[in-house]
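Participant: The following block contains the structure, expressed as structure tokens.
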Amino acid sequence: MDIKHELSVNQEREALRLRCIVGNDKLQAVWYQLKEMKLSDKVWAESMEKWQLANEKLAVICTQLEILGYDICLYIENGVKTKQCLGGERNILGCRVCPSKIHYWENELMNLPSGGDPSIPAQSVSKPKPKKVEDAAAKLL
Ligand SMILES: [Zn+2]
């Protein structure tokens, strides 16, 4: 692959990534707006249908992103997940669509202390110091 082609793939991937993030935010915002409005059943059903369609469109964009080889969560910055996939703060979903190969939401669902990152063993999050080490250290001092 020549450098020019590589560059354009990177640009396309970044553009798709941003579209997914913007789309996630929009869908989320619209969902809350709709929930606040007192809509008739008919209008609600129509709105939901449109909203579902928008979700599907976004899922297609997300699939394109995956095809271009982007397979980590949209909300990973410098290796740190900045948003939960499932309801975090104020129950706001981070990833309505997510290209991640790691199913963070499954882990979040199980409420692991690692925050859903299976690469972090749960026990390393708050590993209590073994008593024996403390005792040994006390003897040394
Ligand atoms: Zn995600």
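If you're wondering about the labels, chains in the structure tokens are A, B, ... by order shown, residues count from 1 in each chain, ligands from 1 in order shown.
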All residues within 6 Å of ligand 1 are required, counting only C-alpha atoms and all ligand atoms; please report them as a VMD selection string.
Facilitator: chain A and resid 73 to 74 85 95 98 100
Participant: For the residues in the current selection, export C-alpha atoms as a PDB file, in the first residue's frame.
Facilitator:
ATOM      1  CA  CYS A  73     -14.368   1.620  21.232  1.00  0.00           C
ATOM      2  CA  LEU A  74     -15.104   5.128  19.925  1.00  0.00           C
ATOM      3  CA  CYS A  85     -21.005   1.878  26.717  1.00  0.00           C
ATOM      4  CA  CYS A  95     -21.907   3.822  22.358  1.00  0.00           C
ATOM      5  CA  CYS A  98     -19.582   0.728  18.712  1.00  0.00           C
ATOM      6  CA  SER A 100     -15.198  -2.385  19.465  1.00  0.00           C
TER       7      SER A 100
END
Participant: Quick one: residues within 12 Å of stretch 24-26 of chain A, only C-alpha atoms, excluding same-chain residues fewer than 3 positions away - as a PyMOL selection string?
Facilitator: chain A and resi 17-21+29-33+51+54-59+61-62+74-75+83+85+92-98
Participant: For A:Lys35, which residue out of A:Leu86, A:Val60, A:Met48, A:Val22 is the nearest one, using only C-alpha atoms?
Facilitator: A:Met48
Participant: Expressed in Å to a single decimal, how great is the separation between atom CA of A:Tyr70 and atom CA of A:Asn10?
Facilitator: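 Rounded to one decimal, the two atoms are 9.8 Å apart.
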Participant: To one decimal in Å, tell me the separation between atom CA of A:Ile72 and atom CA of A:Asn107.
Facilitator: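 Between atom CA of A:Ile72 and atom CA of A:Asn107 the gap is 15.1 Å.
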Participant: Could you state the separation of atom CA of A:Gln84 and atom CA of A:Glu46 in Å, given to one decimal place?
Facilitator: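 Separating atom CA of A:Gln84 from atom CA of A:Glu46 is a distance of 29.2 Å.
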Participant: With only C-alpha atoms as the atoms that count, which of A:Asp41, A:Ser47, A:Leu65, A:Ile3 lies nearest to A:Ala15?
Facilitator: A:Leu65
Participant: Name the residues of stretch 17-89 of chain A that come out as strand (DSSP E or B) in a backbone DSSP run; write them as a PyMOL selection string.
Facilitator: chain A and resi 76-77+80-81
Participant: Hey, which of A:Lys50, A:Leu68, A:Leu27, A:Leu39 ends up closest to A:Glu6? Count only C-alpha atoms.
Facilitator: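 Of A:Lys50, A:Leu68, A:Leu27, A:Leu39, the one nearest A:Glu6 is A:Leu68, counting only C-alpha atoms.
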